[in-house]
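Visitor: One structure coming up, written as structure tokens, with questions to follow.
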Amino acid sequence: MYLRLLLFAVIAGDIFVHSQLSVLSGLEDAALTYTGLAAKYGHPATTYKVTTEDGYILTLFRHPGNTSRPVLLVHGNTPTSDCFIDRGKGSLAITLAGLGYDVWAINIRGTRYSRSHVTLNPDTQPKQFFNYSFYEEAVYDLSATIDRVLTETAQKKLTVVSHSVGTTLLYVLGSEKPEYNDKINVGISLAPIAFLKNVRGYAGIILPYLLEITSLFADLGIEEVFSYEKTGTLLRLICDAQPFGYEVCVKIVLFGALGVDSNGFEMAYTPTFFGHYPGGSTRKIFQHLGQVYKRDKFANFDYGEDKNLQLYGTSEPPDFDLSKVTMKTALFVGEEDYLGTVKDAERLNQSLPNVVYYQVMPYKNFSHTDFVWGRQMAQNLFPYLLPVIDKYT
Ligand SMILES: *[C@@H]1O[C@H](CO)[C@@H](O)[C@H](O)[C@H]1NC(C)=O
Ligand SMILES: *[C@@H]1O[C@H](CO)[C@@H](O)[C@H](O)[C@H]1NC(C)=O
Ligand SMILES: *[C@@H]1O[C@H](CO)[C@@H](O)[C@H](O)[C@H]1NC(C)=O
Ligand SMILES: *[C@@H]1O[C@H](CO)[C@@H](O)[C@H](O)[C@H]1NC(C)=O
């Protein structure tokens, strides 16, 4: 009897210590920056600064590898490059670095590591600094970063792996600056976003009201949204305490908006996720996404008739011409992804001229978050993704 009690106490104590340890290790990863995580997981990163044609100063991280095999990772709207590494050993950045690729990770303008400009101050001049959508992110940030990687590696081409609105940047760049198609071995789209007609979940409920919401934000003078400092600090306050944070922030909000997969996103990972998320975005990006939904066209930003005439020479904003996106494209789609739905991906597949690979993930519960933050990427994603990277790089 006593022996059993003792045994029980030992096991319970052991489980307690282990759960605390996993929480503690989670806390450590939550507090580390990209370079801190890179060092901890055995593939240290170096830091580059890229100044865009319009003056934004971007931070670019690199895990040096075989320079003839450069791979650029492009994050989506609201996170930072951290999304590719905060799963540690199971992350895409560490996995690719381990395979010897020369791995680069962009940080789009205005996000945590790239909140800087040669003349504009984001805190005192938010109207000017945050005056951009995914169009500017593509034609200025992505193009400048691609050129920098090609210069540093002395290569003519690189491979791009993008997630969510990061995929949008590839389509905008390929159509607006078609010369970049020749600089890309393959443009890999995880959770592709171009058309938004079939968005589901909370995201689908909010989309029809997005233009009203962003116009309210404009009236209030709010240009920066989902910032690491302000929104992030508040979210960490609410979402770090478990199990409350997991039940509310993850299961209700995140899963409700992006797709449900509790196997892919577990409670212990929650503090790490919110240690890095969000990383920053703009009201204007959400306004542009709202326009894409409402007009059901993948098109330039709609400034209203007068300004459209002045900027584009037409009263309606011109469509992004997807037939010009001639780079090899690989599309990876999750059936449980509420944002990048199978139906919208099929339409994109029909519109792009050079899709060399199209994969609906076999794991049925594959959601929007599983492509970069998934606990089981090694089993559910990499066996499909890595051969495509290897084949074309
Ligand atoms: C780098 O990659 C190229 C192309 O895959 C390969 O031919 C070369 O052997 C690699 N170099 C090293 C040092 O691994
Ligand atoms: C924002 O950008 C648009 C388009 O480039 C420009 O016409 C407008 O003047 C800019 N607004 C501010 C406040 O900088
Ligand atoms: C993708 O598009 C190509 C070319 O139109 C077509 O042959 C293929 O069946 C499409 N794949 C899917 C899954 O829709
Ligand atoms: C998928 O999700 C459903 C409902 O959330 C769950 O019952 C099922 O076990 C999940 N399947 C896998 C393979 O995780």
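Residues are referred to by chain and number: the chain letter is A, B, ... according to the order shown in the structure tokens, the number counts from 1 in that chain, and ligands are numbered separately from 1 in the order shown.
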How close does chain A get to ligand 4? List, as JSON lines, each residue of chain A within 9 Å, its nearest atom pair and the distance in Å to one decimal, counting only C-alpha atoms and all ligand atoms.
Guide:
{"residue": "A:Val260", "atom": "CA", "partner": "ligand 4", "partner_atom_place_in_ligand_line": "5 (O)", "distance": 6.4}
{"residue": "A:Asp261", "atom": "CA", "partner": "ligand 4", "partner_atom_place_in_ligand_line": "2 (O)", "distance": 6.2}
{"residue": "A:Ser262", "atom": "CA", "partner": "ligand 4", "partner_atom_place_in_ligand_line": "5 (O)", "distance": 7.2}
{"residue": "A:Asn263", "atom": "CA", "partner": "ligand 4", "partner_atom_place_in_ligand_line": "14 (O)", "distance": 5.8}
{"residue": "A:Gly264", "atom": "CA", "partner": "ligand 4", "partner_atom_place_in_ligand_line": "14 (O)", "distance": 8.2}
{"residue": "A:Tyr363", "atom": "CA", "partner": "ligand 4", "partner_atom_place_in_ligand_line": "13 (C)", "distance": 6.7}
{"residue": "A:Lys364", "atom": "CA", "partner": "ligand 4", "partner_atom_place_in_ligand_line": "13 (C)", "distance": 6.8}
{"residue": "A:Asn365", "atom": "CA", "partner": "ligand 4", "partner_atom_place_in_ligand_line": "1 (C)", "distance": 5.0}
{"residue": "A:Phe366", "atom": "CA", "partner": "ligand 4", "partner_atom_place_in_ligand_line": "1 (C)", "distance": 8.6}
Visitor: Just to be explicit: take each residue in the selection above, keep N, CA, C and O atoms, and write the result as a PDB file, in the first residue's frame.
Guide:
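Below is the file part27.pdb, written as the result:
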ATOM      1  N   VAL A 260      -8.853  24.178 -37.509  1.00  0.00           N
ATOM      2  CA  VAL A 260      -8.671  23.463 -36.241  1.00  0.00           C
ATOM      3  C   VAL A 260      -7.709  22.290 -36.396  1.00  0.00           C
ATOM      4  O   VAL A 260      -7.921  21.420 -37.234  1.00  0.00           O
ATOM      5  N   ASP A 261      -6.629  22.282 -35.606  1.00  0.00           N
ATOM      6  CA  ASP A 261      -5.807  21.076 -35.520  1.00  0.00           C
ATOM      7  C   ASP A 261      -5.078  21.039 -34.191  1.00  0.00           C
ATOM      8  O   ASP A 261      -3.957  21.529 -34.058  1.00  0.00           O
ATOM      9  N   SER A 262      -5.723  20.447 -33.181  1.00  0.00           N
ATOM     10  CA  SER A 262      -5.093  20.437 -31.848  1.00  0.00           C
ATOM     11  C   SER A 262      -3.902  19.485 -31.806  1.00  0.00           C
ATOM     12  O   SER A 262      -3.079  19.586 -30.914  1.00  0.00           O
ATOM     13  N   ASN A 263      -3.800  18.580 -32.762  1.00  0.00           N
ATOM     14  CA  ASN A 263      -2.591  17.746 -32.831  1.00  0.00           C
ATOM     15  C   ASN A 263      -1.396  18.556 -33.314  1.00  0.00           C
ATOM     16  O   ASN A 263      -0.268  18.297 -32.927  1.00  0.00           O
ATOM     17  N   GLY A 264      -1.643  19.518 -34.167  1.00  0.00           N
ATOM     18  CA  GLY A 264      -0.563  20.300 -34.756  1.00  0.00           C
ATOM     19  C   GLY A 264      -0.120  21.456 -33.872  1.00  0.00           C
ATOM     20  O   GLY A 264       0.988  21.963 -34.000  1.00  0.00           O
ATOM     21  N   TYR A 363      -2.738  14.638 -44.854  1.00  0.00           N
ATOM     22  CA  TYR A 363      -3.236  14.719 -43.478  1.00  0.00           C
ATOM     23  C   TYR A 363      -4.464  15.624 -43.480  1.00  0.00           C
ATOM     24  O   TYR A 363      -4.374  16.814 -43.768  1.00  0.00           O
ATOM     25  N   LYS A 364      -5.612  15.035 -43.178  1.00  0.00           N
ATOM     26  CA  LYS A 364      -6.897  15.718 -43.397  1.00  0.00           C
ATOM     27  C   LYS A 364      -7.071  16.976 -42.562  1.00  0.00           C
ATOM     28  O   LYS A 364      -7.782  17.888 -42.956  1.00  0.00           O
ATOM     29  N   ASN A 365      -6.452  16.996 -41.351  1.00  0.00           N
ATOM     30  CA  ASN A 365      -6.659  18.142 -40.464  1.00  0.00           C
ATOM     31  C   ASN A 365      -5.616  19.237 -40.681  1.00  0.00           C
ATOM     32  O   ASN A 365      -5.394  20.060 -39.802  1.00  0.00           O
ATOM     33  N   PHE A 366      -4.975  19.263 -41.829  1.00  0.00           N
ATOM     34  CA  PHE A 366      -3.910  20.235 -42.087  1.00  0.00           C
ATOM     35  C   PHE A 366      -4.503  21.641 -42.168  1.00  0.00           C
ATOM     36  O   PHE A 366      -5.284  21.955 -43.045  1.00  0.00           O
TER      37      PHE A 366
END
Visitor: For the contact check between chain A and ligand 1, emit one row per residue of chain A within 10 Å, containing the shortest atom pair and the distance in Å rounded to one decimal, counting only C-alpha atoms and all ligand atoms, chain then rising number order, as a tab-separated table.
Guide:
residue	atom	partner	partner_atom_place_in_ligand_line	distance
A:Gly65	CA	ligand 1	1 (C)	8.4
A:Asn66	CA	ligand 1	1 (C)	4.9
A:Thr67	CA	ligand 1	1 (C)	6.8
A:Ser68	CA	ligand 1	2 (O)	5.2
A:Arg69	CA	ligand 1	2 (O)	5.9
A:Pro70	CA	ligand 1	2 (O)	9.5
A:Leu99	CA	ligand 1	14 (O)	9.9
A:Gly100	CA	ligand 1	14 (O)	7.3
A:Tyr101	CA	ligand 1	2 (O)	8.1
A:Asp102	CA	ligand 1	1 (C)	9.4
A:Asp390	CA	ligand 1	5 (O)	8.6
A:Lys391	CA	ligand 1	5 (O)	9.9
A:Thr393	CA	ligand 1	5 (O)	7.4
Visitor: Generate the output file for the selected residues, C-alpha atoms, as a PDB file, in the first residue's frame.
Guide:
ATOM      1  CA  GLY A  65      25.410  26.789 -46.138  1.00  0.00           C
ATOM      2  CA  ASN A  66      26.244  25.624 -49.636  1.00  0.00           C
ATOM      3  CA  THR A  67      26.059  28.915 -51.568  1.00  0.00           C
ATOM      4  CA  SER A  68      25.037  27.133 -54.750  1.00  0.00           C
ATOM      5  CA  ARG A  69      21.776  26.115 -53.025  1.00  0.00           C
ATOM      6  CA  PRO A  70      20.192  29.304 -51.646  1.00  0.00           C
ATOM      7  CA  LEU A  99      20.516  19.596 -44.986  1.00  0.00           C
ATOM      8  CA  GLY A 100      23.215  22.040 -46.074  1.00  0.00           C
ATOM      9  CA  TYR A 101      21.115  24.640 -47.885  1.00  0.00           C
ATOM     10  CA  ASP A 102      22.143  28.286 -47.658  1.00  0.00           C
ATOM     11  CA  ASP A 390      15.736  19.345 -53.697  1.00  0.00           C
ATOM     12  CA  LYS A 391      14.518  18.748 -57.251  1.00  0.00           C
ATOM     13  CA  THR A 393      17.403  23.861 -56.234  1.00  0.00           C
TER      14      THR A 393
END
Visitor: Please, which residues have at least one atom within 10 Å of an atom of ligand 2, using only C-alpha atoms and all ligand atoms, listed as a list of chain:residue names?
Guide: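 So, counting only C-alpha atoms and all ligand atoms, the residues near ligand 2 are A:Gln125, A:Pro126, A:Lys127, A:Gln128, A:Phe129, A:Phe130, A:Asn131, A:Tyr132, A:Ser133, A:Glu136, A:Lys284, A:Phe301, A:Tyr303, A:Lys307, A:Asn308, A:Gln310, A:Leu311.
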Visitor: Those residues you just picked out, can you put them in a file as a PDB file, in the first residue's frame with C-alpha atoms?
Guide:
ATOM      1  CA  GLN A 125       5.145  59.409 -38.582  1.00  0.00           C
ATOM      2  CA  PRO A 126       2.884  56.330 -38.649  1.00  0.00           C
ATOM      3  CA  LYS A 127       0.702  57.670 -41.506  1.00  0.00           C
ATOM      4  CA  GLN A 128       3.726  57.826 -43.808  1.00  0.00           C
ATOM      5  CA  PHE A 129       5.691  54.863 -42.454  1.00  0.00           C
ATOM      6  CA  PHE A 130       2.827  52.333 -42.462  1.00  0.00           C
ATOM      7  CA  ASN A 131       1.414  53.494 -45.800  1.00  0.00           C
ATOM      8  CA  TYR A 132       1.880  50.190 -47.626  1.00  0.00           C
ATOM      9  CA  SER A 133       0.149  46.988 -48.594  1.00  0.00           C
ATOM     10  CA  GLU A 136       4.939  47.424 -51.830  1.00  0.00           C
ATOM     11  CA  LYS A 284      -3.762  49.137 -45.377  1.00  0.00           C
ATOM     12  CA  PHE A 301      -5.096  48.637 -54.302  1.00  0.00           C
ATOM     13  CA  TYR A 303      -7.753  54.206 -54.053  1.00  0.00           C
ATOM     14  CA  LYS A 307      -6.756  58.582 -57.576  1.00  0.00           C
ATOM     15  CA  ASN A 308      -6.970  55.313 -59.525  1.00  0.00           C
ATOM     16  CA  GLN A 310      -4.099  59.349 -61.628  1.00  0.00           C
ATOM     17  CA  LEU A 311      -2.066  56.298 -60.465  1.00  0.00           C
TER      18      LEU A 311
END
Visitor: Just want the residues within 8 Å of ligand 3, written as a list in words, counting only C-alpha atoms and all ligand atoms.
Guide: Glu346, Arg347, Asn349, Gln350, Ser351, Leu352, Pro353, Val355, Tyr358, Gln359 and Val360 of chain A
Visitor: Selection from above, N, CA and C atoms, as a tab-separated table (two decimals), in the first residue's frame, can you write it?
Guide:
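Heads up, here's the output in result_27.tsv:
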chain	number	residue	atom	x	y	z
A	346	GLU	N	-7.55	26.01	-56.19
A	346	GLU	CA	-7.83	25.44	-57.51
A	346	GLU	C	-7.96	26.54	-58.56
A	347	ARG	N	-8.62	27.62	-58.17
A	347	ARG	CA	-8.76	28.75	-59.09
A	347	ARG	C	-7.39	29.37	-59.40
A	349	ASN	N	-4.55	27.77	-59.26
A	349	ASN	CA	-3.87	26.78	-60.11
A	349	ASN	C	-4.27	26.96	-61.58
A	350	GLN	N	-5.51	27.26	-61.82
A	350	GLN	CA	-5.98	27.48	-63.21
A	350	GLN	C	-5.43	28.78	-63.79
A	351	SER	N	-5.14	29.76	-62.92
A	351	SER	CA	-4.72	31.09	-63.39
A	351	SER	C	-3.21	31.21	-63.59
A	352	LEU	N	-2.44	30.37	-62.90
A	352	LEU	CA	-0.98	30.46	-63.02
A	352	LEU	C	-0.50	29.57	-64.17
A	353	PRO	N	0.43	30.09	-65.00
A	353	PRO	CA	0.81	29.34	-66.20
A	353	PRO	C	1.80	28.20	-65.98
A	355	VAL	N	2.44	25.89	-63.01
A	355	VAL	CA	2.38	25.11	-61.77
A	355	VAL	C	2.99	23.73	-62.03
A	358	TYR	N	1.29	20.33	-57.42
A	358	TYR	CA	0.08	20.75	-56.71
A	358	TYR	C	-0.25	19.67	-55.70
A	359	GLN	N	-0.24	20.05	-54.44
A	359	GLN	CA	-0.43	19.04	-53.40
A	359	GLN	C	-1.50	19.48	-52.39
A	360	VAL	N	-2.57	18.71	-52.31
A	360	VAL	CA	-3.48	18.87	-51.18
A	360	VAL	C	-2.94	17.92	-50.12
Visitor: Could you give me, as a ChimeraX atom specification, each residue of range 234-379 of chain A that DSSP assigns to helix (DSSP H, G or I) when run on this structure's backbone?
Guide: /A:234-239,244-258,267-276,283-295,305-312,322-324,342-351,370-373,377-379
Visitor: Per DSSP on the backbone, filter range 23-62 of chain A down to the residues in strand (DSSP E or B) and report them as a PDB file with N, CA and C atoms, in the first residue's frame.
Guide:
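Output file selection-v4.pdb follows:
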ATOM      1  N   THR A  46      23.568  34.646 -39.259  1.00  0.00           N
ATOM      2  CA  THR A  46      24.168  35.966 -39.371  1.00  0.00           C
ATOM      3  C   THR A  46      23.094  36.948 -39.825  1.00  0.00           C
ATOM      4  N   THR A  47      23.349  38.240 -39.647  1.00  0.00           N
ATOM      5  CA  THR A  47      22.341  39.261 -39.897  1.00  0.00           C
ATOM      6  C   THR A  47      22.793  40.219 -41.001  1.00  0.00           C
ATOM      7  N   TYR A  48      21.908  40.492 -41.934  1.00  0.00           N
ATOM      8  CA  TYR A  48      22.176  41.444 -43.015  1.00  0.00           C
ATOM      9  C   TYR A  48      21.120  42.541 -42.966  1.00  0.00           C
ATOM     10  N   LYS A  49      21.489  43.731 -43.424  1.00  0.00           N
ATOM     11  CA  LYS A  49      20.509  44.809 -43.560  1.00  0.00           C
ATOM     12  C   LYS A  49      20.320  45.113 -45.043  1.00  0.00           C
ATOM     13  N   VAL A  50      19.074  45.189 -45.465  1.00  0.00           N
ATOM     14  CA  VAL A  50      18.758  45.483 -46.861  1.00  0.00           C
ATOM     15  C   VAL A  50      17.947  46.771 -46.904  1.00  0.00           C
ATOM     16  N   THR A  51      18.414  47.751 -47.658  1.00  0.00           N
ATOM     17  CA  THR A  51      17.638  48.992 -47.789  1.00  0.00           C
ATOM     18  C   THR A  51      16.887  48.973 -49.117  1.00  0.00           C
ATOM     19  N   TYR A  56      13.022  51.630 -46.804  1.00  0.00           N
ATOM     20  CA  TYR A  56      12.821  50.773 -45.625  1.00  0.00           C
ATOM     21  C   TYR A  56      14.078  49.942 -45.388  1.00  0.00           C
ATOM     22  N   ILE A  57      14.434  49.780 -44.118  1.00  0.00           N
ATOM     23  CA  ILE A  57      15.630  49.009 -43.771  1.00  0.00           C
ATOM     24  C   ILE A  57      15.186  47.667 -43.190  1.00  0.00           C
ATOM     25  N   LEU A  58      15.453  46.603 -43.950  1.00  0.00           N
ATOM     26  CA  LEU A  58      14.975  45.268 -43.583  1.00  0.00           C
ATOM     27  C   LEU A  58      16.092  44.446 -42.960  1.00  0.00           C
ATOM     28  N   THR A  59      15.710  43.583 -42.042  1.00  0.00           N
ATOM     29  CA  THR A  59      16.663  42.637 -41.461  1.00  0.00           C
ATOM     30  C   THR A  59      16.481  41.285 -42.134  1.00  0.00           C
ATOM     31  N   LEU A  60      17.618  40.756 -42.594  1.00  0.00           N
ATOM     32  CA  LEU A  60      17.607  39.477 -43.305  1.00  0.00           C
ATOM     33  C   LEU A  60      18.526  38.541 -42.529  1.00  0.00           C
ATOM     34  N   PHE A  61      18.009  37.363 -42.160  1.00  0.00           N
ATOM     35  CA  PHE A  61      18.846  36.394 -41.429  1.00  0.00           C
ATOM     36  C   PHE A  61      19.325  35.318 -42.386  1.00  0.00           C
ATOM     37  N   ARG A  62      20.509  34.760 -42.073  1.00  0.00           N
ATOM     38  CA  ARG A  62      21.077  33.726 -42.937  1.00  0.00           C
ATOM     39  C   ARG A  62      21.739  32.639 -42.107  1.00  0.00           C
TER      40      ARG A  62
END
Visitor: Of the candidates A:Cys249, A:Ile222, A:Leu331, A:Ala93, which one gets nearest to Leu234 in chain A if we count only C-alpha atoms?
Guide: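 Checking each candidate against Leu234 in chain A, we get A:Cys249 as the closest.
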Visitor: My list of candidates is A:Ile188, A:Val333, A:Leu237, A:Ile213. Which is closest to Val388 in chain A when distances are computed with only C-alpha atoms?
Guide: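 The closest residue to Val388 in chain A is A:Ile188.
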Visitor: So, with only C-alpha atoms as the atoms that count, which of A:Leu73, A:Ile94, A:Thr78, A:Met267 lies closest to Ala45 in chain A?
Guide: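 Checking each candidate against Ala45 in chain A, we get A:Ile94 as the closest.
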Visitor: Name all residues at most 12 Å from Leu32 in chain A (count only C-alpha atoms; drop same-chain ones fewer than 4 positions away) and give them as a list of chain:residue names.
Guide: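 Counting only the stated atoms, we get A:Ser25, A:Gly26, A:Leu27, A:Glu28, A:Gly36, A:Leu37, A:Ala38, A:Ala39, A:Lys40, A:Tyr41, A:Asp82, A:Ile85, A:Asp86, A:Gly88, A:Pro271, A:Thr272, A:Phe273, A:Phe274, A:Gly275, A:His276.
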Visitor: Which residue gives the smallest distance to Ser91 in chain A among A:Ile389, A:Met377, A:Ile193, A:Ala330, with only C-alpha atoms counted?
Guide: A:Met377
Visitor: Of the residues A:Gly201, A:Gly76, A:Pro122, A:Gly55, which is the one nearest to Gly279 in chain A, using only C-alpha atoms?
Guide: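 Among the listed residues, A:Gly76 lies closest to Gly279 in chain A.
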